[in-house]
$ cat structure19.csv   # CSV, C-alpha atoms and all ligand atoms
chain,number,residue,atom,x,y,z
A,1,MET,CA,94.2,139.3,124.4
A,2,LYS,CA,96.0,135.9,124.5
A,3,LYS,CA,96.9,134.4,121.1
A,4,ILE,CA,97.0,130.8,120.0
A,5,LYS,CA,98.4,129.3,116.8
A,6,ILE,CA,96.9,126.3,115.1
A,7,PHE,CA,99.4,124.4,112.9
A,8,ASP,CA,98.8,121.8,110.2
A,9,VAL,CA,95.3,123.1,109.4
A,10,ARG,CA,93.6,120.8,106.8
A,11,GLU,CA,90.9,121.8,104.4
A,12,ASP,CA,88.4,119.4,106.1
A,13,GLU,CA,89.0,121.1,109.5
A,14,HIS,CA,88.0,124.6,108.4
A,15,GLN,CA,84.3,124.5,109.2
A,16,ALA,CA,85.0,122.9,112.6
A,17,LEU,CA,87.6,125.6,113.3
A,18,GLU,CA,85.2,128.3,112.3
A,19,ASN,CA,82.6,126.9,114.6
A,20,TRP,CA,85.1,126.8,117.6
A,21,MET,CA,86.3,130.3,116.9
A,22,SER,CA,82.8,131.8,116.7
A,23,ALA,CA,81.9,130.1,120.0
A,24,HIS,CA,85.0,131.7,121.6
A,25,GLN,CA,84.9,135.1,119.9
A,26,GLY,CA,86.5,137.8,122.0
A,27,GLU,CA,88.1,135.3,124.3
A,28,VAL,CA,91.2,134.5,122.4
A,29,GLU,CA,93.0,135.5,119.1
A,30,VAL,CA,93.5,132.5,116.8
A,31,GLU,CA,96.0,132.2,113.9
A,32,LEU,CA,95.6,129.3,111.5
A,33,THR,CA,98.3,127.9,109.3
A,34,SER,CA,98.6,124.8,107.1
A,35,ASP,CA,102.3,124.8,107.9
A,36,SER,CA,103.8,122.4,110.4
A,37,LEU,CA,105.6,123.7,113.4
A,38,GLY,CA,109.1,124.7,112.0
A,39,GLU,CA,111.8,127.3,111.7
A,40,ALA,CA,109.7,129.6,109.6
A,41,HIS,CA,107.4,130.2,112.6
A,42,PHE,CA,110.0,130.6,115.4
A,43,ASP,CA,110.2,134.4,115.1
A,44,THR,CA,106.4,134.6,115.8
A,45,LEU,CA,106.4,132.4,118.9
A,46,ASP,CA,107.1,135.3,121.2
A,47,GLN,CA,103.6,136.6,120.4
A,48,ILE,CA,102.0,133.2,120.9
A,49,ASP,CA,100.6,131.8,124.2
A,50,GLY,CA,99.5,128.3,123.1
A,51,ILE,CA,99.7,126.0,120.1
A,52,SER,CA,98.0,123.0,118.5
A,53,THR,CA,99.5,120.6,116.0
A,54,SER,CA,98.2,117.8,113.8
A,55,GLN,CA,101.4,116.3,112.6
A,56,THR,CA,101.6,112.8,111.4
A,57,THR,CA,105.4,112.5,111.3
A,58,THR,CA,107.9,112.9,114.2
A,59,ILE,CA,108.2,116.4,115.7
A,60,ASN,CA,111.8,117.5,115.7
A,61,ASN,CA,113.1,117.5,119.3
A,62,ASN,CA,114.8,120.8,118.7
A,63,TYR,CA,111.4,122.4,118.0
A,64,LEU,CA,110.2,121.3,121.4
A,65,LYS,CA,113.3,123.0,122.9
A,66,ILE,CA,112.5,126.2,121.0
A,67,LEU,CA,108.9,126.1,122.3
A,68,ALA,CA,110.2,125.9,125.9
A,69,GLU,CA,112.6,128.8,125.2
A,70,HIS,CA,109.5,130.8,124.1
A,71,GLY,CA,107.6,129.9,127.3
A,72,ILE,CA,105.2,127.5,125.6
A,73,TYR,CA,104.9,124.4,127.7
A,74,HIS,CA,101.9,122.7,126.2
A,75,VAL,CA,101.2,121.2,122.7
A,76,ALA,CA,97.7,120.1,121.9
A,77,GLN,CA,97.9,117.4,119.2
A,78,ARG,CA,94.6,117.0,117.2
A,79,SER,CA,94.7,113.2,117.0
A,80,ALA,CA,94.5,110.2,119.2
A,81,GLY,CA,98.0,109.2,118.3
A,82,TYR,CA,100.9,111.1,119.9
A,83,ASP,CA,103.8,108.9,118.8
A,84,MET,CA,105.2,111.9,116.8
A,85,PHE,CA,106.4,113.3,120.1
A,86,ASP,CA,109.5,112.2,122.0
A,87,LEU,CA,107.8,112.2,125.4
A,88,ASP,CA,111.2,111.8,127.2
A,89,VAL,CA,112.4,115.0,125.6
A,90,ALA,CA,109.1,116.7,126.3
A,91,ASN,CA,109.3,115.6,130.0
A,92,GLN,CA,112.9,116.9,130.3
A,93,LEU,CA,111.7,120.3,129.0
A,94,GLY,CA,108.6,120.3,131.1
A,95,ILE,CA,106.3,120.4,128.1
A,96,LYS,CA,103.0,118.7,128.4
A,97,VAL,CA,101.4,117.0,125.3
A,98,SER,CA,97.7,116.5,125.1
A,99,ASN,CA,95.8,114.4,122.5
A,100,VAL,CA,92.2,113.5,121.7
A,101,PRO,CA,91.8,110.1,123.3
A,102,SER,CA,88.3,109.6,121.9
A,103,TYR,CA,86.5,111.7,119.3
A,104,SER,CA,83.4,109.8,118.4
A,105,PRO,CA,83.3,106.1,119.3
A,106,GLN,CA,79.7,106.0,118.1
A,107,SER,CA,80.9,107.0,114.5
A,108,ILE,CA,83.2,104.0,114.3
A,109,ALA,CA,80.6,101.7,116.0
A,110,GLU,CA,77.9,102.7,113.5
A,111,PHE,CA,80.2,102.2,110.6
A,112,ALA,CA,81.2,98.7,111.8
A,113,VAL,CA,77.5,97.8,112.1
A,114,MET,CA,76.8,99.3,108.7
A,115,ARG,CA,79.4,97.0,107.2
A,116,ILE,CA,78.0,94.0,109.1
A,117,LEU,CA,74.6,94.8,107.5
A,118,GLU,CA,76.1,95.2,104.1
A,119,LEU,CA,77.9,91.9,104.3
A,120,VAL,CA,74.9,90.0,105.7
A,121,ARG,CA,72.5,91.4,103.0
A,122,HIS,CA,75.1,91.3,100.2
A,123,ALA,CA,74.6,95.0,99.5
A,124,TYR,CA,77.6,95.2,97.3
A,125,GLN,CA,76.4,92.4,95.1
A,126,ILE,CA,72.9,93.9,94.8
A,127,ASP,CA,74.4,97.3,93.8
A,128,GLN,CA,76.7,95.6,91.3
A,129,ASN,CA,73.9,93.6,89.8
A,130,VAL,CA,71.6,96.6,89.5
A,131,SER,CA,74.4,98.8,88.0
A,132,GLN,CA,74.5,96.2,85.2
A,133,GLN,CA,70.7,96.3,84.9
A,134,CYS,CA,70.4,92.9,86.3
A,135,PHE,CA,67.2,93.0,88.4
A,136,ASP,CA,66.7,89.3,89.0
A,137,TRP,CA,66.7,87.5,92.3
A,138,SER,CA,69.9,85.5,92.1
A,139,MET,CA,70.9,83.3,95.0
A,140,ASN,CA,73.9,85.5,95.6
A,141,ILE,CA,71.8,88.3,97.0
A,142,GLN,CA,69.7,86.2,99.4
A,143,GLY,CA,70.8,87.5,102.8
A,144,ARG,CA,70.1,86.7,106.4
A,145,THR,CA,68.7,88.7,109.3
A,146,VAL,CA,71.2,90.3,111.6
A,147,GLU,CA,68.8,89.3,114.4
A,148,SER,CA,69.4,85.6,113.7
A,149,LEU,CA,73.2,85.8,113.9
A,150,LYS,CA,75.8,85.2,116.6
A,151,ILE,CA,78.2,88.1,116.6
A,152,GLY,CA,81.6,88.2,118.2
A,153,VAL,CA,83.1,91.5,119.4
A,154,ILE,CA,86.8,91.5,120.2
A,155,GLY,CA,87.6,94.5,122.4
A,156,THR,CA,84.6,95.8,124.3
A,157,GLY,CA,86.0,99.3,125.1
A,158,ARG,CA,84.6,102.6,124.0
A,159,ILE,CA,83.9,101.4,120.4
A,160,GLY,CA,83.3,97.7,120.9
A,161,SER,CA,80.8,98.3,123.7
A,162,ARG,CA,78.7,100.6,121.4
A,163,VAL,CA,78.8,98.0,118.6
A,164,ALA,CA,77.5,95.4,121.1
A,165,LYS,CA,74.8,97.8,122.2
A,166,ILE,CA,73.6,98.5,118.7
A,167,LEU,CA,73.6,94.8,117.8
A,168,ASN,CA,71.8,93.9,121.0
A,169,GLY,CA,69.1,96.3,119.7
A,170,PHE,CA,68.9,94.3,116.5
A,171,GLY,CA,68.2,91.2,118.6
A,172,SER,CA,71.5,89.4,117.7
A,173,GLN,CA,73.3,87.1,120.2
A,174,VAL,CA,76.4,89.1,121.0
A,175,TYR,CA,79.5,87.5,122.4
A,176,GLY,CA,82.5,89.5,123.7
A,177,TYR,CA,86.2,88.9,124.3
A,178,ASP,CA,88.3,91.4,126.1
A,179,LEU,CA,91.4,91.2,128.3
A,180,LYS,CA,89.4,93.2,130.9
A,181,PRO,CA,85.7,92.2,130.6
A,182,ASN,CA,83.3,94.9,131.6
A,183,SER,CA,80.6,93.6,134.0
A,184,GLU,CA,78.3,96.5,133.1
A,185,LEU,CA,78.0,95.0,129.6
A,186,GLU,CA,76.8,91.6,130.7
A,187,SER,CA,73.1,92.5,130.1
A,188,ILE,CA,73.9,93.0,126.4
A,189,LEU,CA,76.6,90.4,125.6
A,190,THR,CA,78.1,87.2,126.9
A,191,TYR,CA,81.8,87.1,127.5
A,192,VAL,CA,83.9,84.1,126.4
A,193,ASP,CA,87.4,83.5,127.7
A,194,SER,CA,89.2,82.8,124.4
A,195,VAL,CA,89.2,84.0,120.9
A,196,GLU,CA,89.1,80.4,119.7
A,197,THR,CA,85.7,79.9,121.5
A,198,LEU,CA,84.5,83.2,120.0
A,199,VAL,CA,85.2,82.3,116.4
A,200,GLN,CA,84.0,78.7,116.8
A,201,ASN,CA,80.6,80.0,117.7
A,202,CYS,CA,80.1,83.2,115.8
A,203,ASP,CA,78.8,84.0,112.3
A,204,VAL,CA,80.3,87.5,112.4
A,205,LEU,CA,83.5,88.8,113.9
A,206,THR,CA,84.1,92.5,114.5
A,207,ILE,CA,87.4,93.7,116.0
A,208,HIS,CA,88.0,96.8,118.2
A,209,ILE,CA,91.3,96.4,119.9
A,210,PRO,CA,94.2,98.8,119.6
A,211,GLY,CA,97.1,98.4,117.2
A,212,SER,CA,99.6,97.9,119.9
A,213,LYS,CA,102.8,95.9,119.6
A,214,ASP,CA,101.2,93.1,121.6
A,215,ASN,CA,98.3,93.0,119.3
A,216,HIS,CA,100.3,92.7,116.1
A,217,TYR,CA,98.7,89.9,113.9
A,218,PHE,CA,96.2,89.2,116.8
A,219,ILE,CA,94.0,87.8,114.0
A,220,ASN,CA,96.1,85.2,112.3
A,221,GLN,CA,96.0,81.7,110.7
A,222,HIS,CA,95.5,80.1,114.1
A,223,VAL,CA,92.4,82.2,114.7
A,224,PHE,CA,90.9,81.5,111.2
A,225,GLN,CA,91.6,77.7,111.7
A,226,HIS,CA,89.2,77.7,114.6
A,227,ALA,CA,86.6,79.8,112.8
A,228,LYS,CA,83.1,78.6,111.8
A,229,GLU,CA,82.9,78.1,108.0
A,230,GLY,CA,81.5,81.2,106.3
A,231,LEU,CA,82.5,83.7,108.9
A,232,LEU,CA,81.9,87.4,108.1
A,233,PHE,CA,84.9,89.5,109.2
A,234,VAL,CA,85.0,93.3,109.9
A,235,ASN,CA,88.1,95.3,110.9
A,236,THR,CA,87.7,98.9,111.8
A,237,ALA,CA,90.5,98.8,114.3
A,238,ARG,CA,94.0,98.8,112.9
A,239,GLY,CA,95.5,97.0,109.9
A,240,SER,CA,98.4,95.7,112.0
A,241,VAL,CA,96.0,93.5,114.2
A,242,VAL,CA,95.2,91.3,111.2
A,243,ASP,CA,97.6,89.1,109.2
A,244,THR,CA,96.4,90.0,105.8
A,245,GLN,CA,97.9,86.9,104.1
A,246,ALA,CA,96.1,84.7,106.7
A,247,LEU,CA,92.8,86.5,105.9
A,248,ILE,CA,93.3,86.0,102.2
A,249,GLU,CA,93.9,82.2,102.7
A,250,ALA,CA,90.7,82.1,104.8
A,251,LEU,CA,88.8,83.9,102.1
A,252,ASP,CA,90.2,81.5,99.5
A,253,SER,CA,89.2,78.5,101.5
A,254,GLY,CA,85.7,79.8,102.3
A,255,VAL,CA,86.4,79.9,106.0
A,256,VAL,CA,85.7,83.6,105.7
A,257,SER,CA,82.9,84.2,103.3
A,258,ALA,CA,83.3,88.0,103.1
A,259,ALA,CA,85.2,90.8,104.8
A,260,ALA,CA,85.0,94.5,105.3
A,261,LEU,CA,88.3,96.3,106.0
A,262,ASP,CA,88.5,99.9,107.0
A,263,THR,CA,92.1,99.5,107.8
A,264,TYR,CA,94.9,97.6,106.1
A,265,GLU,CA,98.4,96.9,107.4
A,266,ASN,CA,100.2,98.8,104.5
A,267,GLU,CA,97.5,101.5,104.1
A,268,GLY,CA,100.0,104.4,104.6
A,269,ASP,CA,101.0,104.7,100.9
A,270,TYR,CA,97.4,104.8,99.6
A,271,PHE,CA,94.7,105.8,102.1
A,272,ARG,CA,93.8,109.5,102.2
A,273,LYS,CA,95.3,109.9,98.8
A,274,ASP,CA,93.6,110.0,95.4
A,275,TRP,CA,95.0,107.1,93.5
A,276,SER,CA,92.6,107.3,90.5
A,277,ASN,CA,94.1,106.1,87.3
A,278,LYS,CA,97.4,105.3,89.0
A,279,HIS,CA,98.9,101.8,89.3
A,280,ILE,CA,98.7,100.2,92.7
A,281,ALA,CA,102.1,98.4,93.2
A,282,ASP,CA,100.9,96.7,96.4
A,283,GLN,CA,99.8,93.3,95.0
A,284,THR,CA,98.0,92.4,98.2
A,285,LEU,CA,95.9,95.6,98.2
A,286,GLN,CA,95.3,95.2,94.5
A,287,GLY,CA,94.1,91.6,95.1
A,288,LEU,CA,91.8,92.6,97.9
A,289,LEU,CA,90.3,95.4,95.8
A,290,GLY,CA,89.6,92.9,93.0
A,291,ARG,CA,87.5,90.6,95.2
A,292,ASP,CA,83.8,91.0,95.2
A,293,ASN,CA,83.5,89.6,98.7
A,294,VAL,CA,85.8,92.2,100.3
A,295,LEU,CA,84.8,95.8,101.0
A,296,ILE,CA,87.6,98.2,101.4
A,297,SER,CA,87.3,101.7,102.9
A,298,PRO,CA,90.1,104.2,103.4
A,299,HIS,CA,90.1,104.4,107.3
A,300,VAL,CA,87.0,106.5,107.3
A,301,ALA,CA,84.9,104.7,110.0
A,302,PHE,CA,85.4,107.7,112.3
A,303,TYR,CA,84.8,110.3,109.6
A,304,THR,CA,81.6,112.2,110.6
A,305,ASP,CA,80.8,115.8,111.3
A,306,GLU,CA,80.7,115.0,115.0
A,307,ALA,CA,84.2,113.4,115.0
A,308,VAL,CA,85.8,116.2,113.0
A,309,GLN,CA,84.2,118.8,115.3
A,310,ASN,CA,85.5,116.9,118.4
A,311,LEU,CA,88.9,116.6,116.9
A,312,VAL,CA,89.0,120.4,116.9
A,313,ASP,CA,87.0,121.2,120.0
A,314,ILE,CA,88.8,118.9,122.5
A,315,PRO,CA,92.4,120.1,121.7
A,316,LEU,CA,91.5,123.7,121.3
A,317,ASP,CA,89.6,123.7,124.6
A,318,ASP,CA,92.8,122.2,126.1
A,319,VAL,CA,94.9,125.0,124.7
A,320,LEU,CA,92.4,127.5,126.2
A,321,SER,CA,92.7,125.8,129.6
A,322,TYR,CA,96.5,125.9,129.4
A,323,ILE,CA,96.7,129.6,128.5
A,324,HIS,CA,94.3,130.5,131.3
A,325,GLY,CA,96.2,128.4,133.8
A,326,LYS,CA,93.5,125.8,134.2
A,327,GLU,CA,93.8,122.1,134.3
A,328,VAL,CA,94.4,120.6,130.9
A,329,LYS,CA,92.2,117.5,130.5
A,330,ASN,CA,93.9,115.2,128.0
A,331,ILE,CA,97.6,115.3,129.0
A,332,VAL,CA,99.5,112.1,127.9
A,333,ASN,CA,102.6,112.8,130.0
A,334,PRO,CA,101.3,114.0,133.3
B,401,LIG,P1,89.4,101.3,124.0
B,401,LIG,O1,90.8,101.4,124.7
B,401,LIG,O2,88.3,102.0,124.7
B,401,LIG,O3,89.0,99.7,124.0
B,401,LIG,C1,89.9,98.7,123.5
B,401,LIG,C2,89.6,97.5,124.3
B,401,LIG,O4,90.4,96.4,123.7
B,401,LIG,C3,89.9,97.5,125.8
B,401,LIG,O5,88.7,97.1,126.5
B,401,LIG,C4,91.0,96.5,126.0
B,401,LIG,O6,90.9,95.9,127.2
B,401,LIG,C5,90.8,95.6,124.8
B,401,LIG,N1,91.9,94.9,124.4
B,401,LIG,C6,93.2,95.4,124.1
B,401,LIG,N2,94.0,94.4,123.7
B,401,LIG,C7,93.3,93.3,123.7
B,401,LIG,C8,93.6,91.9,123.4
B,401,LIG,N3,94.7,91.5,123.0
B,401,LIG,N4,92.6,91.0,123.6
B,401,LIG,C9,91.4,91.4,124.1
B,401,LIG,N5,91.0,92.6,124.3
B,401,LIG,C10,92.0,93.6,124.2
B,401,LIG,O7,89.7,101.7,122.5
B,401,LIG,P2,88.5,102.2,121.5
B,401,LIG,O8,88.4,103.7,121.7
B,401,LIG,O9,87.3,101.3,121.6
B,401,LIG,O10,89.2,102.0,120.1
B,401,LIG,C11,89.6,100.7,119.6
B,401,LIG,C12,90.4,100.9,118.4
B,401,LIG,O11,89.6,101.4,117.3
B,401,LIG,C13,91.5,101.9,118.5
B,401,LIG,O12,92.6,101.5,119.2
B,401,LIG,C14,91.9,102.2,117.1
B,401,LIG,O13,92.8,101.2,116.7
B,401,LIG,C15,90.5,101.9,116.4
B,401,LIG,N6,90.0,103.2,115.8
B,401,LIG,C16,89.7,103.2,114.5
B,401,LIG,C17,89.2,104.3,113.9
B,401,LIG,C18,88.7,104.3,112.4
B,401,LIG,O14,88.4,105.3,111.9
B,401,LIG,N7,88.8,103.1,111.7
B,401,LIG,C19,89.1,105.5,114.6
B,401,LIG,C20,89.4,105.5,115.9
B,401,LIG,C21,89.9,104.3,116.5

$ encode --input "structure19.csv" --output "structure tokens"
Amino acid sequence: MKKIKIFDVREDEHQALENWMSAHQGEVEVELTSDSLGEAHFDTLDQIDGISTSQTTTINNNYLKILAEHGIYHVAQRSAGYDMFDLDVANQLGIKVSNVPSYSPQSIAEFAVMRILELVRHAYQIDQNVSQQCFDWSMNIQGRTVESLKIGVIGTGRIGSRVAKILNGFGSQVYGYDLKPNSELESILTYVDSVETLVQNCDVLTIHIPGSKDNHYFINQHVFQHAKEGLLFVNTARGSVVDTQALIEALDSGVVSAAALDTYENEGDYFRKDWSNKHIADQTLQGLLGRDNVLISPHVAFYTDEAVQNLVDIPLDDVLSYIHGKEVKNIVNP
């Protein structure tokens, strides 16, 4: 029987891996390891037909060479990102890399809408008041209906289009801005042709563009200068698309009345780590955490049972296709 080896296995993947293995029982032998691909495993590669990785740091080019020497010409990375691979080297060696381009856009869309609702209805303030046994009806918990709001969606791809669809269901007036408008969405949103027009008109702004070089600080002082006073701002895309200092200035001036950030430009040192009772040296993050009109979450918008299962199923199905000589679906260097 063919054998595959799954590297970088994390605790939170175990159930999803069990599910995949029981669905493919008798079809393939699977070895799991929490180790990353490295020298300790080279001796075993002769008995392995396919592999999957989930590395977050650069994969040593020499390791790719070793894989090719052992006849392994495909690596299935269990993430959307594949910047840990040097694709030029992979191409020279004839190694194909696959990724998981989309694992559950609905999960992120629902999270973004949840945050919009929380901001609009001051959920954090209500919880904080009640935790202090304050049950009165202060003005700071009087909300609005989402139905009455104009909501701007920047990036109407897989995630943004779902956000628009859910909000359209609430009855909100949804406006979209995208480099490539999708005419199929025109029944649920109205496209505008500039970010300035979007923020001038909208009560809520939710962002769903990739964190590419071109999009670095896409949301900046200039954008906030054009925004309608009291804007509610949600970022579940990438920290790098927002100039955090500009956001802080907009929060200070009241241009932005509240924000929910699932990503933060310098999140790497903190997110996915338990920082309880430890000092946070990052003054900007510390400052954001101290504000009662900013909701921070540690890049978890995607984090659902469905997404975790897809993050295992899609790459492992690709490994199976590879070892059986079938077409691998999610190759990033065709
Ligand atoms: P997608 O490629 O399907 O859609 C992105 C859209 O943005 C495209 O329609 C594109 O044309 C548009 N776009 C790109 N740059 C633009 C610009 N400068 N101006 C206007 N429009 C622009 O991507 P997706 O699957 O919807 O994902 C969006 C982003 O969500 C991802 O790139 C990632 O950064 C983020 N994400 C976050 C999480 C999380 O857990 N928080 C998880 C997965 C993805």

$ residues_near_ligand --input "structure19.csv" --ligand "ligand LIG 401 (chain B)" --cutoff "6 Å" --atoms "all atoms listed in the file" --output "number ranges by chain"
A: 102, 108, 154-160, 177-180, 208-211, 215, 236-238, 262, 299-302

$ atom_distance --input "structure19.csv" --atom1 "CA of Ile188 (chain A)" --atom2 "CA of Thr145 (chain A)"
18.4 Å

$ closest_atom_pairs --input "structure19.csv" --of "region 310-330 of chain A" --to "region 70-78 of chain A" --cutoff "8 Å" --atoms "all atoms listed in the file" --output "Markdown table"
| residue | atom | partner | partner_atom | distance |
| --- | --- | --- | --- | --- |
| A:Leu311 | CA | A:Arg78 | CA | 5.7 |
| A:Val312 | CA | A:Arg78 | CA | 6.6 |
| A:Pro315 | CA | A:Ala76 | CA | 5.3 |
| A:Leu316 | CA | A:Ala76 | CA | 7.2 |
| A:Asp318 | CA | A:Ala76 | CA | 6.8 |
| A:Val319 | CA | A:Ala76 | CA | 6.3 |
| A:Tyr322 | CA | A:His74 | CA | 7.0 |

$ atom_distance --input "structure19.csv" --atom1 "CA of Gly94 (chain A)" --atom2 "CA of His41 (chain A)"
21.0 Å

$ residues_around --input "structure19.csv" --residues "region 3-11 of chain A" --least-positions-apart "6" --cutoff "10 Å" --atoms "only C-alpha atoms" --output "compact mmCIF listing (two decimals) with C-alpha atoms, in the coordinates of the input"
# COMPACT_ATOMS: atom_id res chain seq x y z
CA LEU A 17 87.60 125.60 113.30
CA GLU A 27 88.10 135.30 124.30
CA VAL A 28 91.20 134.50 122.40
CA GLU A 29 93.00 135.50 119.10
CA VAL A 30 93.50 132.50 116.80
CA GLU A 31 96.00 132.20 113.90
CA LEU A 32 95.60 129.30 111.50
CA THR A 33 98.30 127.90 109.30
CA SER A 34 98.60 124.80 107.10
CA ASP A 35 102.30 124.80 107.90
CA SER A 36 103.80 122.40 110.40
CA LEU A 37 105.60 123.70 113.40
CA GLY A 38 109.10 124.70 112.00
CA HIS A 41 107.40 130.20 112.60
CA THR A 44 106.40 134.60 115.80
CA LEU A 45 106.40 132.40 118.90
CA GLN A 47 103.60 136.60 120.40
CA ILE A 48 102.00 133.20 120.90
CA ASP A 49 100.60 131.80 124.20
CA GLY A 50 99.50 128.30 123.10
CA ILE A 51 99.70 126.00 120.10
CA SER A 52 98.00 123.00 118.50
CA THR A 53 99.50 120.60 116.00
CA SER A 54 98.20 117.80 113.80
CA GLN A 55 101.40 116.30 112.60
CA THR A 56 101.60 112.80 111.40
CA ALA A 76 97.70 120.10 121.90
CA GLN A 77 97.90 117.40 119.20
CA ARG A 78 94.60 117.00 117.20
CA LEU A 316 91.50 123.70 121.30
CA VAL A 319 94.90 125.00 124.70
CA LEU A 320 92.40 127.50 126.20
CA ILE A 323 96.70 129.60 128.50

$ residues_around --input "structure19.csv" --residues "Glu306 (chain A)" --least-positions-apart "2" --cutoff "10 Å" --atoms "only C-alpha atoms" --output "ChimeraX atom specification"
/A:16,103-104,106-107,302-304,308-311

$ decode --input "structure19.csv" --residues "region 179-191 of chain A" --atoms "N, CA, C and O atoms" --output "PDB file, in the first residue's frame"
ATOM      1  N   LEU A 179     -11.402  46.004  -7.559  1.00  0.00           N
ATOM      2  CA  LEU A 179     -10.677  46.274  -8.808  1.00  0.00           C
ATOM      3  C   LEU A 179     -11.371  45.592  -9.978  1.00  0.00           C
ATOM      4  O   LEU A 179     -11.321  46.073 -11.110  1.00  0.00           O
ATOM      5  N   LYS A 180     -11.998  44.431  -9.665  1.00  0.00           N
ATOM      6  CA  LYS A 180     -12.712  43.697 -10.713  1.00  0.00           C
ATOM      7  C   LYS A 180     -14.139  43.443 -10.240  1.00  0.00           C
ATOM      8  O   LYS A 180     -14.420  42.379  -9.669  1.00  0.00           O
ATOM      9  N   PRO A 181     -15.018  44.417 -10.455  1.00  0.00           N
ATOM     10  CA  PRO A 181     -16.413  44.232 -10.001  1.00  0.00           C
ATOM     11  C   PRO A 181     -17.032  42.974 -10.622  1.00  0.00           C
ATOM     12  O   PRO A 181     -16.725  42.617 -11.762  1.00  0.00           O
ATOM     13  N   ASN A 182     -17.870  42.337  -9.840  1.00  0.00           N
ATOM     14  CA  ASN A 182     -18.502  41.091 -10.290  1.00  0.00           C
ATOM     15  C   ASN A 182     -19.974  41.383 -10.601  1.00  0.00           C
ATOM     16  O   ASN A 182     -20.782  41.600  -9.690  1.00  0.00           O
ATOM     17  N   SER A 183     -20.310  41.366 -11.890  1.00  0.00           N
ATOM     18  CA  SER A 183     -21.671  41.760 -12.286  1.00  0.00           C
ATOM     19  C   SER A 183     -22.736  40.849 -11.669  1.00  0.00           C
ATOM     20  O   SER A 183     -23.884  41.261 -11.466  1.00  0.00           O
ATOM     21  N   GLU A 184     -22.348  39.634 -11.306  1.00  0.00           N
ATOM     22  CA  GLU A 184     -23.334  38.715 -10.700  1.00  0.00           C
ATOM     23  C   GLU A 184     -23.791  39.188  -9.318  1.00  0.00           C
ATOM     24  O   GLU A 184     -24.772  38.690  -8.775  1.00  0.00           O
ATOM     25  N   LEU A 185     -23.026  40.133  -8.726  1.00  0.00           N
ATOM     26  CA  LEU A 185     -23.387  40.586  -7.370  1.00  0.00           C
ATOM     27  C   LEU A 185     -24.275  41.823  -7.392  1.00  0.00           C
ATOM     28  O   LEU A 185     -24.672  42.336  -6.347  1.00  0.00           O
ATOM     29  N   GLU A 186     -24.559  42.310  -8.607  1.00  0.00           N
ATOM     30  CA  GLU A 186     -25.247  43.599  -8.684  1.00  0.00           C
ATOM     31  C   GLU A 186     -26.686  43.570  -8.172  1.00  0.00           C
ATOM     32  O   GLU A 186     -27.273  44.614  -7.908  1.00  0.00           O
ATOM     33  N   SER A 187     -27.233  42.373  -7.946  1.00  0.00           N
ATOM     34  CA  SER A 187     -28.578  42.307  -7.364  1.00  0.00           C
ATOM     35  C   SER A 187     -28.536  42.482  -5.841  1.00  0.00           C
ATOM     36  O   SER A 187     -29.560  42.767  -5.212  1.00  0.00           O
ATOM     37  N   ILE A 188     -27.331  42.341  -5.246  1.00  0.00           N
ATOM     38  CA  ILE A 188     -27.272  42.464  -3.776  1.00  0.00           C
ATOM     39  C   ILE A 188     -26.430  43.650  -3.304  1.00  0.00           C
ATOM     40  O   ILE A 188     -26.450  43.986  -2.130  1.00  0.00           O
ATOM     41  N   LEU A 189     -25.671  44.265  -4.226  1.00  0.00           N
ATOM     42  CA  LEU A 189     -24.876  45.432  -3.822  1.00  0.00           C
ATOM     43  C   LEU A 189     -24.747  46.415  -4.980  1.00  0.00           C
ATOM     44  O   LEU A 189     -24.996  46.071  -6.136  1.00  0.00           O
ATOM     45  N   THR A 190     -24.326  47.626  -4.618  1.00  0.00           N
ATOM     46  CA  THR A 190     -24.085  48.657  -5.637  1.00  0.00           C
ATOM     47  C   THR A 190     -22.596  48.957  -5.636  1.00  0.00           C
ATOM     48  O   THR A 190     -22.035  49.310  -4.596  1.00  0.00           O
ATOM     49  N   TYR A 191     -21.978  48.789  -6.801  1.00  0.00           N
ATOM     50  CA  TYR A 191     -20.550  49.096  -6.881  1.00  0.00           C
ATOM     51  C   TYR A 191     -20.332  50.595  -6.990  1.00  0.00           C
ATOM     52  O   TYR A 191     -21.087  51.289  -7.683  1.00  0.00           O
TER      53      TYR A 191
END
